[in-house]
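See below for query_4.cif, which holds mmCIF, C-alpha atoms, pLDDT in the B column; chains and numbers go by the auth columns.
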data_target
loop_
_atom_site.group_PDB
_atom_site.id
_atom_site.type_symbol
_atom_site.label_atom_id
_atom_site.label_comp_id
_atom_site.label_asym_id
_atom_site.label_seq_id
_atom_site.Cartn_x
_atom_site.Cartn_y
_atom_site.Cartn_z
_atom_site.B_iso_or_equiv
_atom_site.auth_seq_id
_atom_site.auth_asym_id
ATOM 1 C CA MET A 1 63.944 -59.677 91.093 38.00 1 E
ATOM 2 C CA ALA A 2 61.488 -61.898 92.839 40.00 2 E
ATOM 3 C CA SER A 3 60.228 -64.965 91.067 46.00 3 E
ATOM 4 C CA THR A 4 56.758 -63.387 91.034 50.00 4 E
ATOM 5 C CA ALA A 5 57.986 -60.662 88.660 67.00 5 E
ATOM 6 C CA ARG A 6 56.099 -60.344 85.412 84.00 6 E
ATOM 7 C CA LYS A 7 57.554 -62.427 82.605 93.00 7 E
ATOM 8 C CA LEU A 8 59.433 -60.670 79.860 97.00 8 E
ATOM 9 C CA GLN A 9 57.616 -60.220 76.570 98.00 9 E
ATOM 10 C CA LEU A 10 59.189 -61.257 73.257 98.00 10 E
ATOM 11 C CA THR A 11 59.011 -59.647 69.836 98.00 11 E
ATOM 12 C CA LEU A 12 60.675 -59.968 66.462 98.00 12 E
ATOM 13 C CA ALA A 13 62.858 -57.142 65.187 98.00 13 E
ATOM 14 C CA VAL A 14 64.193 -57.104 61.640 98.00 14 E
ATOM 15 C CA ILE A 15 66.889 -54.725 60.462 98.00 15 E
ATOM 16 C CA LYS A 16 66.280 -54.480 56.732 98.00 16 E
ATOM 17 C CA PRO A 17 68.848 -55.064 53.939 98.00 17 E
ATOM 18 C CA ASP A 18 69.541 -51.407 53.135 95.00 18 E
ATOM 19 C CA VAL A 19 70.652 -50.800 56.735 97.00 19 E
ATOM 20 C CA VAL A 20 72.672 -54.007 57.071 97.00 20 E
ATOM 21 C CA ALA A 21 74.516 -52.992 53.885 97.00 21 E
ATOM 22 C CA HIS A 22 75.732 -49.847 55.688 97.00 22 E
ATOM 23 C CA PRO A 23 77.736 -50.867 58.783 96.00 23 E
ATOM 24 C CA ILE A 24 77.614 -47.424 60.414 97.00 24 E
ATOM 25 C CA LYS A 25 73.803 -47.304 60.192 97.00 25 E
ATOM 26 C CA PHE A 26 73.555 -50.905 61.377 97.00 26 E
ATOM 27 C CA GLN A 27 75.793 -50.156 64.374 97.00 27 E
ATOM 28 C CA ALA A 28 73.773 -47.032 65.176 97.00 28 E
ATOM 29 C CA ILE A 29 70.540 -49.028 65.289 98.00 29 E
ATOM 30 C CA GLN A 30 72.152 -51.743 67.410 97.00 30 E
ATOM 31 C CA ARG A 31 73.301 -48.987 69.798 97.00 31 E
ATOM 32 C CA MET A 32 69.740 -47.585 69.941 98.00 32 E
ATOM 33 C CA ILE A 33 68.432 -51.051 70.811 98.00 33 E
ATOM 34 C CA VAL A 34 70.915 -51.427 73.664 97.00 34 E
ATOM 35 C CA ASP A 35 70.507 -47.818 74.869 97.00 35 E
ATOM 36 C CA HIS A 36 66.719 -48.290 75.091 97.00 36 E
ATOM 37 C CA ASN A 37 67.168 -51.337 77.337 96.00 37 E
ATOM 38 C CA PHE A 38 65.989 -54.016 74.942 98.00 38 E
ATOM 39 C CA LEU A 39 67.492 -57.440 75.525 97.00 39 E
ATOM 40 C CA VAL A 40 68.601 -59.168 72.322 98.00 40 E
ATOM 41 C CA ILE A 41 68.211 -62.867 73.080 97.00 41 E
ATOM 42 C CA ARG A 42 68.715 -64.241 69.564 98.00 42 E
ATOM 43 C CA SER A 43 70.268 -62.645 66.510 98.00 43 E
ATOM 44 C CA LYS A 44 71.159 -63.810 63.034 97.00 44 E
ATOM 45 C CA ILE A 45 72.159 -62.373 59.700 97.00 45 E
ATOM 46 C CA LEU A 46 70.327 -64.082 56.874 98.00 46 E
ATOM 47 C CA ARG A 47 69.396 -63.651 53.260 98.00 47 E
ATOM 48 C CA TRP A 48 65.932 -64.522 51.996 97.00 48 E
ATOM 49 C CA SER A 49 65.050 -66.341 48.828 97.00 49 E
ATOM 50 C CA ARG A 50 62.104 -64.963 46.875 97.00 50 E
ATOM 51 C CA SER A 51 59.900 -67.774 48.167 97.00 51 E
ATOM 52 C CA ASP A 52 60.827 -66.897 51.791 97.00 52 E
ATOM 53 C CA ALA A 53 59.768 -63.285 51.256 97.00 53 E
ATOM 54 C CA GLU A 54 56.591 -64.298 49.431 97.00 54 E
ATOM 55 C CA ARG A 55 55.587 -66.618 52.297 97.00 55 E
ATOM 56 C CA PHE A 56 56.311 -64.007 54.972 96.00 56 E
ATOM 57 C CA TYR A 57 54.390 -61.264 53.147 95.00 57 E
ATOM 58 C CA GLU A 58 51.589 -63.534 51.865 95.00 58 E
ATOM 59 C CA GLU A 59 48.930 -61.361 53.555 93.00 59 E
ATOM 60 C CA HIS A 60 50.009 -58.452 51.297 94.00 60 E
ATOM 61 C CA ARG A 61 49.867 -60.405 48.006 96.00 61 E
ATOM 62 C CA GLY A 62 47.935 -58.412 45.429 96.00 62 E
ATOM 63 C CA ARG A 63 48.583 -55.043 47.075 94.00 63 E
ATOM 64 C CA PHE A 64 50.390 -52.382 45.055 93.00 64 E
ATOM 65 C CA PHE A 65 53.598 -52.578 47.112 92.00 65 E
ATOM 66 C CA TYR A 66 53.890 -56.380 47.335 95.00 66 E
ATOM 67 C CA ASN A 67 56.363 -56.997 44.471 96.00 67 E
ATOM 68 C CA ARG A 68 58.488 -54.001 45.446 95.00 68 E
ATOM 69 C CA LEU A 69 58.622 -55.230 49.062 95.00 69 E
ATOM 70 C CA VAL A 70 59.486 -58.823 48.116 97.00 70 E
ATOM 71 C CA GLY A 71 62.195 -57.602 45.738 97.00 71 E
ATOM 72 C CA PHE A 72 63.678 -55.286 48.334 97.00 72 E
ATOM 73 C CA MET A 73 63.693 -57.857 51.144 97.00 73 E
ATOM 74 C CA THR A 74 65.614 -60.299 48.923 98.00 74 E
ATOM 75 C CA CYS A 75 68.221 -57.774 47.704 97.00 75 E
ATOM 76 C CA GLY A 76 70.770 -58.517 50.432 97.00 76 E
ATOM 77 C CA PRO A 77 71.347 -59.751 53.964 98.00 77 E
ATOM 78 C CA MET A 78 69.132 -58.644 56.835 98.00 78 E
ATOM 79 C CA CYS A 79 69.400 -59.064 60.598 98.00 79 E
ATOM 80 C CA ALA A 80 66.598 -60.799 62.508 98.00 80 E
ATOM 81 C CA GLN A 81 66.530 -60.509 66.275 98.00 81 E
ATOM 82 C CA ILE A 82 64.336 -61.653 69.118 98.00 82 E
ATOM 83 C CA LEU A 83 64.006 -58.843 71.617 98.00 83 E
ATOM 84 C CA ALA A 84 62.859 -59.330 75.205 98.00 84 E
ATOM 85 C CA GLY A 85 61.707 -56.851 77.800 97.00 85 E
ATOM 86 C CA ASP A 86 58.759 -55.379 79.620 96.00 86 E
ATOM 87 C CA ASN A 87 56.086 -54.285 77.123 97.00 87 E
ATOM 88 C CA VAL A 88 58.660 -54.914 74.393 98.00 88 E
ATOM 89 C CA ILE A 89 56.231 -55.000 71.440 98.00 89 E
ATOM 90 C CA THR A 90 54.910 -51.501 72.106 98.00 90 E
ATOM 91 C CA ARG A 91 58.311 -50.109 73.081 98.00 91 E
ATOM 92 C CA TRP A 92 59.998 -51.511 69.921 98.00 92 E
ATOM 93 C CA ARG A 93 57.260 -50.118 67.687 98.00 93 E
ATOM 94 C CA GLU A 94 57.631 -46.707 69.361 98.00 94 E
ATOM 95 C CA LEU A 95 61.412 -46.742 68.854 98.00 95 E
ATOM 96 C CA MET A 96 60.979 -47.731 65.195 98.00 96 E
ATOM 97 C CA GLY A 97 58.557 -44.861 64.582 97.00 97 E
ATOM 98 C CA PRO A 98 55.869 -44.549 61.918 96.00 98 E
ATOM 99 C CA THR A 99 55.976 -46.907 58.918 93.00 99 E
ATOM 100 C CA LYS A 100 55.691 -43.941 56.580 94.00 100 E
ATOM 101 C CA THR A 101 59.212 -42.529 56.471 94.00 101 E
ATOM 102 C CA PHE A 102 58.114 -38.990 55.535 95.00 102 E
ATOM 103 C CA ARG A 103 55.935 -38.899 58.647 96.00 103 E
ATOM 104 C CA ALA A 104 58.724 -40.355 60.795 96.00 104 E
ATOM 105 C CA LYS A 105 61.279 -37.804 59.589 96.00 105 E
ATOM 106 C CA HIS A 106 58.978 -34.850 60.253 96.00 106 E
ATOM 107 C CA ILE A 107 56.944 -35.886 63.287 97.00 107 E
ATOM 108 C CA GLN A 108 59.247 -38.339 65.094 97.00 108 E
ATOM 109 C CA PRO A 109 62.782 -37.613 63.853 97.00 109 E
ATOM 110 C CA ASP A 110 64.446 -39.303 66.860 97.00 110 E
ATOM 111 C CA THR A 111 63.047 -42.720 65.910 98.00 111 E
ATOM 112 C CA ILE A 112 64.923 -45.339 63.900 98.00 112 E
ATOM 113 C CA ARG A 113 62.812 -44.704 60.813 97.00 113 E
ATOM 114 C CA GLY A 114 63.083 -40.966 61.300 97.00 114 E
ATOM 115 C CA GLN A 115 66.869 -41.226 61.256 97.00 115 E
ATOM 116 C CA HIS A 116 67.486 -44.153 58.895 97.00 116 E
ATOM 117 C CA GLY A 117 64.371 -44.713 56.780 96.00 117 E
ATOM 118 C CA LEU A 118 64.533 -43.858 53.089 94.00 118 E
ATOM 119 C CA THR A 119 61.079 -44.772 51.740 93.00 119 E
ATOM 120 C CA ASP A 120 57.998 -46.584 53.005 90.00 120 E
ATOM 121 C CA THR A 121 59.537 -49.873 51.825 90.00 121 E
ATOM 122 C CA ARG A 122 63.115 -49.029 52.792 94.00 122 E
ATOM 123 C CA ASN A 123 62.096 -47.913 56.260 96.00 123 E
ATOM 124 C CA ALA A 124 64.994 -49.600 58.083 97.00 124 E
ATOM 125 C CA THR A 125 63.133 -51.976 60.408 98.00 125 E
ATOM 126 C CA HIS A 126 60.223 -54.303 61.016 97.00 126 E
ATOM 127 C CA GLY A 127 58.544 -55.253 64.266 98.00 127 E
ATOM 128 C CA SER A 128 55.694 -57.494 65.304 98.00 128 E
ATOM 129 C CA ASP A 129 52.429 -55.764 66.195 97.00 129 E
ATOM 130 C CA SER A 130 50.975 -58.205 68.750 98.00 130 E
ATOM 131 C CA PRO A 131 51.975 -61.211 70.868 98.00 131 E
ATOM 132 C CA ASP A 132 50.340 -63.607 68.376 98.00 132 E
ATOM 133 C CA THR A 133 52.128 -61.996 65.445 97.00 133 E
ATOM 134 C CA ALA A 134 55.398 -62.034 67.398 98.00 134 E
ATOM 135 C CA ALA A 135 55.074 -65.775 68.055 98.00 135 E
ATOM 136 C CA ARG A 136 54.327 -66.471 64.370 97.00 136 E
ATOM 137 C CA GLU A 137 57.117 -64.224 63.068 98.00 137 E
ATOM 138 C CA ILE A 138 59.694 -65.502 65.559 98.00 138 E
ATOM 139 C CA GLY A 139 58.836 -69.030 64.390 98.00 139 E
ATOM 140 C CA PHE A 140 59.326 -67.967 60.772 98.00 140 E
ATOM 141 C CA PHE A 141 62.781 -66.463 61.326 98.00 141 E
ATOM 142 C CA PHE A 142 63.910 -68.775 64.139 98.00 142 E
ATOM 143 C CA PRO A 143 62.289 -72.188 63.525 98.00 143 E
ATOM 144 C CA GLU A 144 64.796 -73.766 65.934 97.00 144 E
ATOM 145 C CA PHE A 145 63.679 -71.460 68.781 98.00 145 E
ATOM 146 C CA SER A 146 60.967 -72.639 71.174 98.00 146 E
ATOM 147 C CA ILE A 147 59.238 -69.796 72.975 98.00 147 E
ATOM 148 C CA GLN A 148 57.887 -72.194 75.607 97.00 148 E
ATOM 149 C CA ARG A 149 61.310 -73.727 76.232 97.00 149 E
ATOM 150 C CA TRP A 150 62.883 -70.234 76.459 97.00 150 E
ATOM 151 C CA TYR A 151 60.383 -69.238 79.147 97.00 151 E
ATOM 152 C CA GLU A 152 61.016 -72.487 81.018 96.00 152 E
ATOM 153 C CA ARG A 153 64.831 -72.485 80.794 94.00 153 E
ATOM 154 C CA GLU A 154 66.212 -69.019 80.042 95.00 154 E
ATOM 155 C CA GLU A 155 63.765 -66.201 80.712 96.00 155 E
ATOM 156 C CA GLN A 156 64.508 -66.045 84.454 93.00 156 E
ATOM 157 C CA LEU A 157 68.222 -65.496 83.727 92.00 157 E
ATOM 158 C CA TYR A 158 67.382 -62.248 81.931 94.00 158 E
ATOM 159 C CA ARG A 159 65.210 -61.014 84.841 90.00 159 E
ATOM 160 C CA ASP A 160 67.391 -62.137 87.753 85.00 160 E
ATOM 161 C CA GLU A 161 69.388 -59.151 89.060 83.00 161 E
ATOM 162 C CA SER A 162 72.048 -61.498 90.472 83.00 162 E
ATOM 163 C CA VAL A 163 72.892 -62.674 86.940 84.00 163 E
ATOM 164 C CA PRO A 164 74.679 -59.900 84.995 89.00 164 E
ATOM 165 C CA VAL A 165 73.509 -59.619 81.398 93.00 165 E
ATOM 166 C CA MET A 166 76.243 -58.489 79.027 93.00 166 E
ATOM 167 C CA TYR A 167 75.884 -57.247 75.456 94.00 167 E
ATOM 168 C CA CYS A 168 78.274 -58.823 72.938 93.00 168 E
ATOM 169 C CA LYS A 169 78.760 -56.409 70.000 92.00 169 E
ATOM 170 C CA GLU A 170 80.248 -59.099 67.758 92.00 170 E
ATOM 171 C CA LEU A 171 77.223 -61.379 68.153 92.00 171 E
ATOM 172 C CA HIS A 172 74.641 -58.556 68.486 93.00 172 E
ATOM 173 C CA LEU A 173 73.356 -60.459 71.516 94.00 173 E
ATOM 174 C CA HIS A 174 72.825 -60.139 75.261 95.00 174 E
ATOM 175 C CA ILE A 175 74.290 -63.010 77.250 93.00 175 E
ATOM 176 C CA PRO A 176 73.443 -63.750 80.883 90.00 176 E
ATOM 177 C CA ARG A 177 76.595 -64.640 82.802 81.00 177 E
ATOM 178 C CA PRO A 178 76.435 -66.166 86.268 65.00 178 E
ATOM 179 C CA ALA A 179 78.584 -64.303 88.794 53.00 179 E
ATOM 180 C CA ASP A 180 80.895 -67.303 89.325 49.00 180 E
ATOM 181 C CA ILE A 181 81.813 -67.303 85.621 47.00 181 E
ATOM 182 C CA LEU A 182 82.560 -63.570 85.772 43.00 182 E
ATOM 183 C CA LEU A 183 84.877 -64.121 88.730 46.00 183 E
ATOM 184 C CA GLU A 184 86.866 -66.710 86.746 47.00 184 E
ATOM 185 C CA SER A 185 87.284 -64.426 83.706 45.00 185 E
#
Go through the file and emit its structure as structure tokens.
Amino acid sequence: MASTARKLQLTLAVIKPDVVAHPIKFQAIQRMIVDHNFLVIRSKILRWSRSDAERFYEEHRGRFFYNRLVGFMTCGPMCAQILAGDNVITRWRELMGPTKTFRAKHIQPDTIRGQHGLTDTRNATHGSDSPDTAAREIGFFFPEFSIQRWYEREEQLYRDESVPVMYCKELHLHIPRPADILLES
């Protein structure tokens, strides 16, 4: 691609604890991510403390579902990922499907939530809803990650057609590999 190509957009994707606890479901969602041409540029399995969940969901404090959501999100490991791609925020939200699992199962059954969601809280995934939210949420889950530095140092590698990008199943991550490295392998 030419250097004038539009920069890739970033978003946060979270695979929730109930899915991570079931390897077949987790693998199925990872396959959907890859099959829909999302680039996974960072990925980690983590477990939240109650205070982590309370800070992340602070805007929902006092709402009827807050305690249930905090309790659920601390019940086991989850997978946080930074996805990159063209229009990635909208595309990820479309692949996830409606937040309300009943609606997803009946109106959009081919979405992640339509296939793997159990309830409105246990709806399999989370995704940022805007570029500002994505930046804030990426910073929450990946405090060591600098969006600015990624755009300066790495983003072009994921857009450059001369640099093959390979998906590593073990790491749940896309890795750009210069052609000269591939020739040595």
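Around the point (52.9, -55.3, 71.5), within 9 Å and counting all atoms listed in the file, we find these residues: Gln9, Leu10, Thr11, Asn87, Val88, Ile89, Thr90, Arg91, Trp92, Arg93, Ser128, Asp129, Ser130, Pro131 and Ala134 of chain E.
Nearest to Thr74 in chain E of all the residues E:Arg31, E:Lys16, E:Cys168, E:Gly127 is E:Lys16, based on all atoms listed in the file.
Of the listed residues E:Val20, E:Leu12, E:Ile33, E:Ile138, the one whose atoms come nearest to Leu46 in chain E is E:Val20, with distances taken using all atoms listed in the file.
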inquiry  = Just to confirm, what's the straight-line distance from CA of Ser43 in chain E to CA of Gln81 in chain E in Å (one decimal)?
reply    = 4.3 Å
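Closest approach to Val40 in chain E among E:Ile147, E:Leu95, E:Cys75, E:Ala13: E:Ala13, based on all atoms listed in the file.
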Box dimensions and centre (Å, one decimal) enclosing range 103-117 of chain E, axis-aligned, 5 Å extra per side, as AutoDock Vina command-line options:
--center_x 61.7 --center_y -40.1 --center_z 61.8 --size_x 21.6 --size_y 20.5 --size_z 20.1
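Here CA of Gly114 in chain E is placed at a distance of 27.7 Å from CA of Asp52 in chain E.
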